[in-house]
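See below for target.pdb, which holds PDB, C-alpha atoms.
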```
ATOM      1  CA  MET Y 239     -61.373-141.526 -33.879
ATOM      2  CA  GLN Y 240     -64.333-139.796 -35.433
ATOM      3  CA  GLY Y 241     -66.664-142.791 -35.696
ATOM      4  CA  GLU Y 242     -70.019-141.732 -37.068
ATOM      5  CA  ARG Y 243     -69.340-138.001 -36.849
ATOM      6  CA  ARG Y 244     -72.400-137.063 -38.858
ATOM      7  CA  THR Y 245     -74.568-137.574 -35.810
ATOM      8  CA  PHE Y 246     -72.766-134.660 -34.144
ATOM      9  CA  PHE Y 247     -74.502-132.269 -36.517
ATOM     10  CA  ALA Y 248     -77.783-132.999 -34.768
ATOM     11  CA  LEU Y 249     -78.603-130.028 -32.580
ATOM     12  CA  ILE Y 250     -77.855-130.416 -28.880
ATOM     13  CA  ILE Y 251     -79.739-127.964 -26.711
ATOM     14  CA  GLY Y 252     -78.517-127.628 -23.137
ATOM     15  CA  PHE Y 253     -78.860-125.390 -20.136
ATOM     16  CA  ILE Y 254     -75.608-123.640 -19.256
ATOM     17  CA  LYS Y 255     -75.453-121.633 -16.047
ATOM     18  CA  PHE Y 256     -73.037-119.123 -17.535
ATOM     19  CA  PHE Y 257     -73.353-118.670 -21.246
ATOM     20  CA  ASN Y 258     -69.969-119.393 -22.750
ATOM     21  CA  MET Y 259     -69.529-121.212 -25.994
ATOM     22  CA  LEU Y 260     -66.744-123.442 -24.694
ATOM     23  CA  ASN Y 261     -66.921-125.477 -21.486
ATOM     24  CA  ARG Y 262     -64.213-127.580 -19.849
ATOM     25  CA  ARG Y 263     -65.385-130.852 -21.353
ATOM     26  CA  HIS Y 264     -64.978-129.414 -24.813
ATOM     27  CA  ILE Y 265     -61.564-128.091 -23.783
ATOM     28  CA  ARG Y 266     -60.606-131.632 -22.752
ATOM     29  CA  ILE Y 267     -61.821-132.939 -26.101
ATOM     30  CA  LYS Y 268     -59.666-130.459 -28.000
ATOM     31  CA  VAL Y 269     -56.608-131.355 -25.924
ATOM     32  CA  MET Y 270     -57.346-135.053 -26.487
ATOM     33  CA  GLN Y 271     -57.446-134.558 -30.247
ATOM     34  CA  ILE Y 272     -54.064-132.852 -30.307
ATOM     35  CA  ILE Y 273     -52.375-135.448 -28.073
ATOM     36  CA  TYR Y 274     -53.948-138.226 -30.168
ATOM     37  CA  ALA Y 275     -52.412-136.698 -33.294
ATOM     38  CA  PHE Y 276     -49.192-136.087 -31.327
ATOM     39  CA  ASN Y 277     -48.827-139.883 -31.134
ATOM     40  CA  GLY Y 278     -46.883-139.965 -27.894
ATOM     41  CA  ASN Y 279     -43.748-138.234 -29.139
ATOM     42  CA  GLU Y 280     -42.393-136.118 -26.278
ATOM     43  CA  SER Y 281     -39.692-134.571 -28.458
ATOM     44  CA  ASP Y 282     -42.168-132.870 -30.761
ATOM     45  CA  ASP Y 283     -42.634-129.095 -30.910
ATOM     46  CA  LEU Y 284     -44.658-128.258 -27.785
ATOM     47  CA  GLN Y 285     -45.175-124.615 -28.771
ATOM     48  CA  LYS Y 286     -46.504-125.693 -32.156
ATOM     49  CA  ASN Y 287     -49.121-127.865 -30.497
ATOM     50  CA  GLU Y 288     -50.020-125.096 -28.076
ATOM     51  CA  ARG Y 289     -50.536-122.686 -30.972
ATOM     52  CA  PHE Y 290     -52.686-125.244 -32.755
ATOM     53  CA  LEU Y 291     -54.813-125.702 -29.619
ATOM     54  CA  LEU Y 292     -55.448-121.976 -29.213
ATOM     55  CA  LYS Y 293     -56.149-121.592 -32.923
ATOM     56  CA  SER Y 294     -58.593-124.499 -32.802
ATOM     57  CA  ILE Y 295     -60.423-122.880 -29.888
ATOM     58  CA  ASP Y 296     -60.549-119.467 -31.557
ATOM     59  CA  SER Y 297     -61.789-120.961 -34.838
ATOM     60  CA  MET Y 298     -65.057-121.820 -33.094
ATOM     61  CA  LEU Y 299     -65.954-118.147 -33.360
ATOM     62  CA  ASP Y 300     -65.241-118.301 -37.091
ATOM     63  CA  LEU Y 301     -67.710-121.167 -37.351
ATOM     64  CA  TYR Y 302     -70.260-119.218 -35.300
ATOM     65  CA  PHE Y 303     -70.041-116.152 -37.537
ATOM     66  CA  ILE Y 304     -70.108-118.264 -40.704
ATOM     67  CA  LEU Y 305     -73.443-119.755 -39.629
ATOM     68  CA  ILE Y 306     -74.843-116.406 -38.480
ATOM     69  CA  SER Y 307     -73.811-114.848 -41.790
ATOM     70  CA  LEU Y 308     -75.563-117.699 -43.615
ATOM     71  CA  LEU Y 309     -78.866-116.639 -42.047
ATOM     72  CA  ILE Y 310     -78.169-113.087 -43.188
ATOM     73  CA  GLU Y 311     -77.358-114.214 -46.723
ATOM     74  CA  VAL Y 312     -80.551-116.277 -46.957
ATOM     75  CA  GLN Y 313     -82.530-113.129 -46.106
ATOM     76  CA  LYS Y 314     -80.628-111.217 -48.804
ATOM     77  CA  LYS Y 315     -81.288-114.044 -51.259
ATOM     78  CA  ALA Y 316     -84.994-113.760 -50.564
ATOM     79  CA  GLU Y 317     -84.875-109.996 -51.182
ATOM     80  CA  SER Y 318     -83.076-110.512 -54.468
ATOM     81  CA  HIS Y 319     -85.558-113.206 -55.472
ATOM     82  CA  LEU Y 320     -88.522-110.877 -54.839
ATOM     83  CA  ASP Y 321     -86.860-108.035 -56.726
ATOM     84  CA  LYS Y 322     -86.242-110.211 -59.782
ATOM     85  CA  SER Y 323     -89.794-111.548 -59.689
ATOM     86  CA  GLN Y 324     -91.219-108.003 -59.662
ATOM     87  CA  LYS Y 325     -89.139-107.074 -62.707
ATOM     88  CA  LYS Y 326     -90.144-110.079 -64.809
ATOM     89  CA  HIS Y 327     -91.511-109.218 -68.231
ATOM     90  CA  LEU Y 328     -94.686-111.186 -67.570
ATOM     91  CA  ALA Y 329     -94.913-110.583 -63.846
ATOM     92  CA  THR Y 330     -98.092-111.840 -62.240
ATOM     93  CA  SER Y 331    -100.148-109.918 -59.706
ATOM     94  CA  GLU Y 332     -98.502-112.007 -56.978
ATOM     95  CA  ASP Y 333     -95.051-111.164 -58.377
ATOM     96  CA  LYS Y 334     -95.842-107.454 -58.322
ATOM     97  CA  ASN Y 335     -97.292-107.522 -54.816
ATOM     98  CA  PRO Y 336     -95.374-110.279 -52.995
ATOM     99  CA  ASN Y 337     -95.659-111.329 -49.394
ATOM    100  CA  LYS Y 338     -92.644-109.686 -47.756
ATOM    101  CA  LYS Y 339     -93.069-111.281 -44.360
ATOM    102  CA  PHE Y 340     -89.850-113.285 -44.584
ATOM    103  CA  VAL Y 341     -87.615-110.488 -45.884
ATOM    104  CA  ASN Y 342     -89.046-108.209 -43.181
ATOM    105  CA  ASN Y 343     -88.511-110.739 -40.407
ATOM    106  CA  GLU Y 344     -87.411-108.586 -37.476
ATOM    107  CA  VAL Y 345     -84.824-111.032 -36.142
ATOM    108  CA  LEU Y 346     -83.170-111.519 -39.528
ATOM    109  CA  LEU Y 347     -83.063-107.742 -39.968
ATOM    110  CA  GLN Y 348     -81.505-107.429 -36.508
ATOM    111  CA  LEU Y 349     -78.710-109.751 -37.620
ATOM    112  CA  LYS Y 350     -78.340-108.073 -40.995
ATOM    113  CA  ASN Y 351     -78.069-104.561 -39.543
ATOM    114  CA  ASN Y 352     -75.904-105.486 -36.549
ATOM    115  CA  ALA Y 353     -72.752-103.344 -36.768
ATOM    116  CA  LEU Y 354     -70.818-105.593 -34.381
ATOM    117  CA  ILE Y 355     -71.540-108.658 -36.489
ATOM    118  CA  LYS Y 356     -70.430-106.777 -39.611
ATOM    119  CA  ALA Y 357     -67.216-105.698 -37.872
ATOM    120  CA  SER Y 358     -66.532-109.261 -36.688
ATOM    121  CA  LEU Y 359     -67.033-110.650 -40.182
ATOM    122  CA  GLU Y 360     -64.604-108.090 -41.581
ATOM    123  CA  LYS Y 361     -62.039-108.601 -38.812
ATOM    124  CA  ARG Y 362     -62.097-112.374 -39.231
ATOM    125  CA  LYS Y 363     -62.178-112.078 -43.039
ATOM    126  CA  ILE Y 364     -65.269-114.251 -43.255
ATOM    127  CA  ASN Y 365     -66.642-114.103 -46.774
ATOM    128  CA  ASN Y 366     -67.545-117.743 -47.326
ATOM    129  CA  TRP Y 367     -70.881-117.054 -48.937
ATOM    130  CA  ASP Y 368     -69.398-114.594 -51.432
ATOM    131  CA  LEU Y 369     -67.060-117.351 -52.583
ATOM    132  CA  ASP Y 370     -69.420-120.314 -52.143
ATOM    133  CA  SER Y 371     -72.842-118.822 -52.774
ATOM    134  CA  GLU Y 372     -74.259-122.142 -53.956
ATOM    135  CA  TYR Y 373     -74.703-123.154 -50.324
ATOM    136  CA  VAL Y 374     -76.889-120.109 -49.737
ATOM    137  CA  ASP Y 375     -78.991-121.342 -52.665
ATOM    138  CA  VAL Y 376     -79.161-124.825 -51.134
ATOM    139  CA  ILE Y 377     -80.510-123.493 -47.832
ATOM    140  CA  PHE Y 378     -82.850-121.012 -49.529
ATOM    141  CA  LYS Y 379     -84.389-123.697 -51.762
ATOM    142  CA  ALA Y 380     -84.761-126.071 -48.824
ATOM    143  CA  LEU Y 381     -86.468-123.304 -46.881
ATOM    144  CA  ILE Y 382     -89.032-122.171 -49.447
ATOM    145  CA  SER Y 383     -90.060-125.764 -50.178
ATOM    146  CA  SER Y 384     -90.592-126.543 -46.483
ATOM    147  CA  GLU Y 385     -93.854-126.708 -44.548
ATOM    148  CA  LEU Y 386     -92.231-124.422 -42.000
ATOM    149  CA  TYR Y 387     -91.965-121.645 -44.574
ATOM    150  CA  LYS Y 388     -95.439-122.250 -46.004
ATOM    151  CA  ASP Y 389     -97.033-122.067 -42.564
ATOM    152  CA  TYR Y 390     -95.095-118.901 -41.710
ATOM    153  CA  MET Y 391     -96.013-117.224 -44.992
ATOM    154  CA  ALA Y 392     -99.712-118.065 -44.662
ATOM    155  CA  THR Y 393    -100.173-114.544 -43.252
ATOM    156  CA  LYS Y 394     -98.554-111.246 -44.193
ATOM    157  CA  THR Y 395     -97.884-109.841 -40.742
ATOM    158  CA  SER Y 396     -96.328-111.198 -37.581
ATOM    159  CA  THR Y 397     -95.162-110.278 -34.109
ATOM    160  CA  PHE Y 398     -91.543-110.193 -33.002
ATOM    161  CA  LYS Y 399     -92.148-113.395 -31.023
ATOM    162  CA  GLU Y 400     -93.469-115.201 -34.098
ATOM    163  CA  ASP Y 401     -90.499-113.975 -36.151
ATOM    164  CA  LYS Y 402     -88.101-115.204 -33.480
ATOM    165  CA  LEU Y 403     -89.672-118.644 -33.182
ATOM    166  CA  PHE Y 404     -89.582-118.986 -36.957
ATOM    167  CA  VAL Y 405     -85.843-118.179 -37.142
ATOM    168  CA  VAL Y 406     -85.122-120.660 -34.337
ATOM    169  CA  ASP Y 407     -86.975-123.371 -36.280
ATOM    170  CA  LEU Y 408     -85.296-122.291 -39.517
ATOM    171  CA  PHE Y 409     -81.912-122.900 -37.951
ATOM    172  CA  LYS Y 410     -82.875-126.140 -36.206
ATOM    173  CA  GLU Y 411     -84.830-127.747 -39.048
ATOM    174  CA  ILE Y 412     -83.232-126.352 -42.219
ATOM    175  CA  VAL Y 413     -79.687-125.152 -41.510
ATOM    176  CA  ALA Y 414     -78.322-127.487 -38.823
ATOM    177  CA  PRO Y 415     -79.296-130.839 -40.381
ATOM    178  CA  ASN Y 416     -78.308-129.956 -43.966
ATOM    179  CA  GLU Y 417     -75.921-132.644 -45.275
ATOM    180  CA  LYS Y 418     -74.352-130.515 -48.007
ATOM    181  CA  LEU Y 419     -73.600-127.731 -45.564
ATOM    182  CA  TYR Y 420     -72.146-130.266 -43.118
ATOM    183  CA  ASP Y 421     -69.810-131.641 -45.799
ATOM    184  CA  TYR Y 422     -68.753-128.132 -46.782
ATOM    185  CA  LEU Y 423     -67.883-127.153 -43.206
ATOM    186  CA  GLU Y 424     -66.063-130.438 -42.607
ATOM    187  CA  ASP Y 425     -63.928-129.809 -45.695
ATOM    188  CA  LYS Y 426     -63.116-126.293 -44.514
ATOM    189  CA  ASN Y 427     -61.946-127.327 -41.045
ATOM    190  CA  ILE Y 428     -61.945-130.875 -39.691
ATOM    191  CA  THR Y 429     -62.096-129.677 -36.056
ATOM    192  CA  TRP Y 430     -65.449-128.027 -36.760
ATOM    193  CA  VAL Y 431     -67.077-131.469 -36.833
ATOM    194  CA  ASP Y 432     -66.821-131.572 -33.055
ATOM    195  CA  ASP Y 433     -67.486-127.863 -32.601
ATOM    196  CA  LEU Y 434     -70.802-127.864 -34.444
ATOM    197  CA  PRO Y 435     -72.998-129.087 -31.566
ATOM    198  CA  VAL Y 436     -71.511-126.441 -29.272
ATOM    199  CA  VAL Y 437     -71.892-123.650 -31.822
ATOM    200  CA  ASN Y 438     -75.385-124.785 -32.799
ATOM    201  CA  THR Y 439     -76.409-124.696 -29.155
ATOM    202  CA  ALA Y 440     -74.983-121.192 -28.762
ATOM    203  CA  ILE Y 441     -76.856-119.872 -31.800
ATOM    204  CA  VAL Y 442     -80.211-121.326 -30.766
ATOM    205  CA  LYS Y 443     -79.799-120.135 -27.191
ATOM    206  CA  LEU Y 444     -78.944-116.597 -28.332
ATOM    207  CA  LEU Y 445     -81.888-116.557 -30.738
ATOM    208  CA  ARG Y 446     -84.289-117.750 -28.059
ATOM    209  CA  LYS Y 447     -83.085-115.167 -25.533
ATOM    210  CA  ASN Y 448     -83.149-112.383 -28.107
ATOM    211  CA  LYS Y 449     -85.571-109.475 -27.641
ATOM    212  CA  ALA Y 450     -86.620-106.619 -29.862
ATOM    213  CA  THR Y 451     -84.693-104.359 -27.478
ATOM    214  CA  SER Y 452     -81.552-106.526 -27.262
ATOM    215  CA  SER Y 453     -78.265-104.711 -27.767
ATOM    216  CA  GLU Y 454     -76.030-105.518 -30.716
ATOM    217  CA  SER Y 455     -73.572-107.202 -28.349
ATOM    218  CA  HIS Y 456     -76.206-109.889 -27.629
ATOM    219  CA  PHE Y 457     -75.064-111.770 -30.736
ATOM    220  CA  ILE Y 458     -71.356-111.510 -29.915
ATOM    221  CA  PRO Y 459     -70.891-114.525 -27.621
ATOM    222  CA  LYS Y 460     -68.118-115.084 -25.134
ATOM    223  CA  LEU Y 461     -65.928-117.923 -26.354
ATOM    224  CA  ILE Y 462     -64.478-118.991 -23.025
ATOM    225  CA  LYS Y 463     -65.505-118.217 -19.440
ATOM    226  CA  ASP Y 464     -62.295-116.629 -18.222
ATOM    227  CA  ASP Y 465     -58.496-116.722 -18.293
ATOM    228  CA  ASP Y 466     -58.550-119.694 -15.910
ATOM    229  CA  ASP Y 467     -60.209-121.882 -18.527
ATOM    230  CA  LYS Y 468     -57.741-120.756 -21.182
ATOM    231  CA  ALA Y 469     -54.855-121.495 -18.822
ATOM    232  CA  PHE Y 470     -56.399-124.888 -18.030
ATOM    233  CA  ALA Y 471     -56.433-125.797 -21.726
ATOM    234  CA  VAL Y 472     -52.785-124.860 -22.252
ATOM    235  CA  GLU Y 473     -51.553-126.415 -19.013
ATOM    236  CA  LEU Y 474     -53.434-129.678 -19.541
ATOM    237  CA  LEU Y 475     -51.862-130.015 -22.976
ATOM    238  CA  LYS Y 476     -48.334-129.123 -21.847
ATOM    239  CA  LYS Y 477     -48.279-131.129 -18.625
ATOM    240  CA  THR Y 478     -49.720-134.229 -20.286
ATOM    241  CA  ILE Y 479     -47.272-134.133 -23.184
ATOM    242  CA  LEU Y 480     -44.276-133.504 -20.935
ATOM    243  CA  ASN Y 481     -45.156-136.538 -18.804
ATOM    244  CA  LEU Y 482     -46.417-138.990 -21.413
ATOM    245  CA  SER Y 483     -43.796-141.664 -20.656
ATOM    246  CA  ALA Y 484     -44.349-141.598 -16.888
ATOM    247  CA  PHE Y 485     -48.128-141.693 -17.291
ATOM    248  CA  SER Y 486     -47.837-144.546 -19.814
ATOM    249  CA  GLU Y 487     -45.852-146.613 -17.325
ATOM    250  CA  GLU Y 488     -48.546-146.153 -14.691
ATOM    251  CA  ILE Y 489     -51.230-147.237 -17.148
ATOM    252  CA  GLN Y 490     -49.245-150.299 -18.185
ATOM    253  CA  GLU Y 491     -48.802-151.347 -14.543
ATOM    254  CA  LYS Y 492     -52.575-151.267 -14.076
ATOM    255  CA  THR Y 493     -53.369-153.050 -17.365
ATOM    256  CA  GLN Y 494     -50.926-155.977 -17.261
ATOM    257  CA  ASN Y 495     -53.731-158.413 -17.999
ATOM    258  CA  TRP Y 496     -54.661-156.470 -21.111
ATOM    259  CA  ASP Y 497     -53.076-156.900 -24.519
ATOM    260  CA  LYS Y 498     -51.685-153.395 -25.204
ATOM    261  CA  ASP Y 499     -52.744-153.638 -28.852
ATOM    262  CA  ARG Y 500     -56.341-154.147 -27.720
ATOM    263  CA  ILE Y 501     -56.423-150.911 -25.730
ATOM    264  CA  ALA Y 502     -57.890-148.195 -27.954
ATOM    265  CA  ASN Y 503     -55.435-145.378 -28.633
ATOM    266  CA  ILE Y 504     -58.012-142.825 -27.521
ATOM    267  CA  ASP Y 505     -58.480-144.668 -24.233
ATOM    268  CA  PHE Y 506     -54.741-144.475 -23.624
ATOM    269  CA  VAL Y 507     -54.759-140.720 -24.285
ATOM    270  CA  LEU Y 508     -57.757-140.161 -22.019
ATOM    271  CA  LEU Y 509     -56.072-142.108 -19.218
ATOM    272  CA  GLN Y 510     -52.875-140.061 -19.618
ATOM    273  CA  MET Y 511     -54.878-136.843 -19.375
ATOM    274  CA  ALA Y 512     -56.828-138.060 -16.341
ATOM    275  CA  ILE Y 513     -53.608-139.020 -14.532
ATOM    276  CA  CYS Y 514     -52.267-135.585 -15.371
ATOM    277  CA  GLU Y 515     -55.283-134.004 -13.679
ATOM    278  CA  PHE Y 516     -54.847-136.272 -10.640
ATOM    279  CA  GLN Y 517     -51.203-135.285 -10.249
ATOM    280  CA  LYS Y 518     -50.843-131.786 -11.677
ATOM    281  CA  PHE Y 519     -54.187-130.056 -11.009
ATOM    282  CA  PRO Y 520     -54.732-129.958  -7.225
ATOM    283  CA  SER Y 521     -57.961-127.951  -7.396
ATOM    284  CA  ILE Y 522     -59.896-130.336  -9.683
ATOM    285  CA  PRO Y 523     -61.899-132.931  -7.706
ATOM    286  CA  VAL Y 524     -61.114-136.576  -8.453
ATOM    287  CA  LYS Y 525     -64.775-137.349  -9.150
ATOM    288  CA  VAL Y 526     -64.976-134.539 -11.689
ATOM    289  CA  THR Y 527     -61.938-135.842 -13.555
ATOM    290  CA  ILE Y 528     -63.199-139.431 -13.620
ATOM    291  CA  ASN Y 529     -66.725-138.464 -14.697
ATOM    292  CA  GLU Y 530     -65.471-136.146 -17.434
ATOM    293  CA  TYR Y 531     -63.222-138.734 -19.069
ATOM    294  CA  ILE Y 532     -65.846-141.441 -18.812
ATOM    295  CA  GLU Y 533     -68.283-139.184 -20.684
ATOM    296  CA  VAL Y 534     -65.709-138.275 -23.340
ATOM    297  CA  ALA Y 535     -64.932-141.987 -23.809
ATOM    298  CA  LYS Y 536     -68.627-142.762 -24.333
ATOM    299  CA  GLU Y 537     -68.742-140.219 -27.125
ATOM    300  CA  TYR Y 538     -65.402-140.810 -28.814
ATOM    301  CA  SER Y 539     -64.225-144.360 -28.165
ATOM    302  CA  THR Y 540     -65.512-147.942 -28.078
ATOM    303  CA  PRO Y 541     -68.680-149.129 -26.296
ATOM    304  CA  LYS Y 542     -66.587-150.730 -23.519
ATOM    305  CA  SER Y 543     -64.115-147.866 -23.120
ATOM    306  CA  SER Y 544     -65.962-146.000 -20.382
ATOM    307  CA  VAL Y 545     -66.028-149.109 -18.152
ATOM    308  CA  PHE Y 546     -62.346-149.797 -18.867
ATOM    309  CA  ILE Y 547     -61.298-146.221 -18.099
ATOM    310  CA  ASN Y 548     -63.391-146.121 -14.935
ATOM    311  CA  GLY Y 549     -61.760-149.336 -13.712
ATOM    312  CA  VAL Y 550     -58.197-148.163 -14.348
ATOM    313  CA  LEU Y 551     -58.759-144.752 -12.772
ATOM    314  CA  ASP Y 552     -60.395-146.290  -9.698
ATOM    315  CA  LYS Y 553     -57.322-148.504  -9.202
ATOM    316  CA  LEU Y 554     -54.996-145.529  -9.561
ATOM    317  CA  VAL Y 555     -56.938-143.371  -7.101
ATOM    318  CA  LYS Y 556     -56.994-146.183  -4.535
ATOM    319  CA  GLU Y 557     -53.239-146.601  -4.910
ATOM    320  CA  TYR Y 558     -52.610-142.847  -4.594
ATOM    321  CA  ASN Y 559     -54.778-142.720  -1.477
ATOM    322  CA  ASP Y 560     -52.968-145.681   0.085
ATOM    323  CA  LYS Y 561     -49.602-144.045  -0.590
ATOM    324  CA  GLY Y 562     -50.792-140.566   0.348
ATOM    325  CA  THR Y 563     -49.633-139.212  -3.026
ATOM    326  CA  LEU Y 564     -52.921-137.904  -4.420
ATOM    327  CA  ASN Y 565     -52.180-134.261  -5.120
ATOM    328  CA  LYS Y 566     -55.429-132.586  -4.114
ATOM    329  CA  ILE Y 567     -56.039-129.551  -1.922
ATOM    330  CA  GLY Y 568     -59.247-128.298  -0.326
ATOM    331  CA  ARG Y 569     -62.219-130.091   1.143
ATOM    332  CA  GLY Y 570     -64.338-132.361  -1.037
ATOM    333  CA  LEU Y 571     -61.697-132.826  -3.723
ATOM    334  CA  MET Y 572     -60.881-136.463  -3.019
TER     335      MET Y 572
END
```
Render the structure in this file as structure tokens.
Amino acid sequence: MQGERRTFFALIIGFIKFFNMLNRRHIRIKVMQIIYAFNGNESDDLQKNERFLLKSIDSMLDLYFILISLLIEVQKKAESHLDKSQKKHLATSEDKNPNKKFVNNEVLLQLKNNALIKASLEKRKINNWDLDSEYVDVIFKALISSELYKDYMATKTSTFKEDKLFVVDLFKEIVAPNEKLYDYLEDKNITWVDDLPVVNTAIVKLLRKNKATSSESHFIPKLIKDDDDKAFAVELLKKTILNLSAFSEEIQEKTQNWDKDRIANIDFVLLQMAICEFQKFPSIPVKVTINEYIEVAKEYSTPKSSVFINGVLDKLVKEYNDKGTLNKIGRGLM
């Protein structure tokens, strides 16, 4: 299912009309993952899967704060490094009078002194870098050996804008692509592999929009747009699972010329979810449903899956229209 997941750690920067960390496509992906693991067993514990879904969604904020706290810890590491250098027995003139531009970076100090971030870290019991400080060392060493750092440290003073641009590049060029950090996060929580692009985007967007006068709440993102999106996640999971057999029969009727063993398991799950949206979610336009599952298939399944899914869904919609059974309300939803 994962394919070459490592590519997902590459930073994806997008433009989101309303800044929420989680959009409906990502909600669909999370539901897909649970149903895929569910393996088509309708007698399984539905509440257990619902709890896992909500926990998986909430854990995105854990990942966000882990990465934000890593930036804070790198700043602290730099402070400690300067302090030790100044106290060396044979300290050089440079050791005694170091360039403190990085440790005084205004954006990093904003993060470090943010009371809401501190409270969130305590509430969520996030202390990864106390327990696994070697990853702070990995990022710090990668930073100080980089051209990015050398260029930044070529002067001793900077503006807030320069500090901000530097931290954005620090995250994009040093933190996000780091293979050791990726492996560490993957080991901690397998679902974070798919959450990383979303969380990375959120962090960069918040950093870019940050101002010297920004409130502390600026760095406390909203996980999900509203209760409707949360309800959509739960209902999509429940209604798909409760109707797996019926949806499977519809798929099989439209794929009689296909060897069932040749249909990718993920494709089958995506088709079940799409049929669920056709039948059980009257307010979601047909075109939206089809486009969303085609895009998810491109990312998660085989090269031919998107064409296959599009073909099956087109057949189903035509049949529903002919029978007058397409459950959609409102104009423009067909």
Exercise for review: Could you check how far CA of Lys314 (chain Y) sits from CA of Lys350 (chain Y), in Å to one decimal?
Suggested key: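 So the two atoms, CA of Lys314 (chain Y) and CA of Lys350 (chain Y), lie 8.7 Å apart.
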Check your understanding: Hey, which of Y:Leu461, Y:Leu386, Y:Val374, Y:Val406 ends up closest to Leu260 (chain Y)? Count all atoms listed in the file.
Key -> Y:Leu461
Check your understanding: Could you name the residues that touch Asp389 (chain Y) at 12 Å or less, counting only C-alpha atoms, but leaving out those on the same chain fewer than 5 positions away, as a ChimeraX atom specification?
Key -> /Y:339-340,381-384,394,396,400,404,407
Practice item. Pick out the residues sitting within 8 Å of Lys553 (chain Y), and hand them over as a PyMOL selection string; count all atoms listed in the file, and ignore anything fewer than 4 positions along from it in its own chain. Key: chain Y and resi 492+549+557
Counting only C-alpha atoms, what are the residues of region 347-370 of chain Y within 10 Å of region 294-300 of chain Y, and for each of them which pair of atoms is the nearest and at what distance in Å, to one decimal? Sort the table by chain and rising number, as a Markdown table.
```
| residue | atom | partner | partner_atom | distance |
| --- | --- | --- | --- | --- |
| Y:Ser358 | CA | Y:Asp300 | CA | 9.1 |
| Y:Leu359 | CA | Y:Asp300 | CA | 8.4 |
| Y:Arg362 | CA | Y:Asp300 | CA | 7.0 |
| Y:Lys363 | CA | Y:Asp300 | CA | 9.1 |
| Y:Ile364 | CA | Y:Asp300 | CA | 7.4 |
```
Practice item. Find the residue from Y:Tyr373, Y:Tyr558, Y:Tyr302, Y:Trp496 that sits nearest to Lys460 (chain Y); use only C-alpha atoms when measuring. Key: Y:Tyr302
Check your understanding: Of the residues Y:Ile547, Y:Val534, Y:Leu482, Y:Met391, which is the one nearest to Ile501 (chain Y), using only C-alpha atoms?
Key -> Y:Ile547
Practice item. Go through Y:Leu423, Y:Leu554, Y:Val437, Y:Leu475 and flag the residue nearest Met270 (chain Y), using only C-alpha atoms for the distances. Key: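 Among the listed residues, the smallest separation from Met270 (chain Y) belongs to Y:Leu475.
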Review point. In Å, with one decimal, what is the gap from CA of His456 (chain Y) to CA of Lys293 (chain Y)?
Key: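 Taking CA of His456 (chain Y) and CA of Lys293 (chain Y), their separation equals 23.8 Å.
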Study note, to complete from the structure: In Å and to one decimal, CA of Asn366 (chain Y) is distant from CA of Leu305 (chain Y) by 9.9 Å
Check your understanding: For Lys268 (chain Y), which residue among Y:Pro415, Y:Arg446, Y:Asp432, Y:Glu533 is the nearest when counting only C-alpha atoms?
Key ->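 Using only C-alpha atoms, Lys268 (chain Y) sits closest to Y:Asp432.
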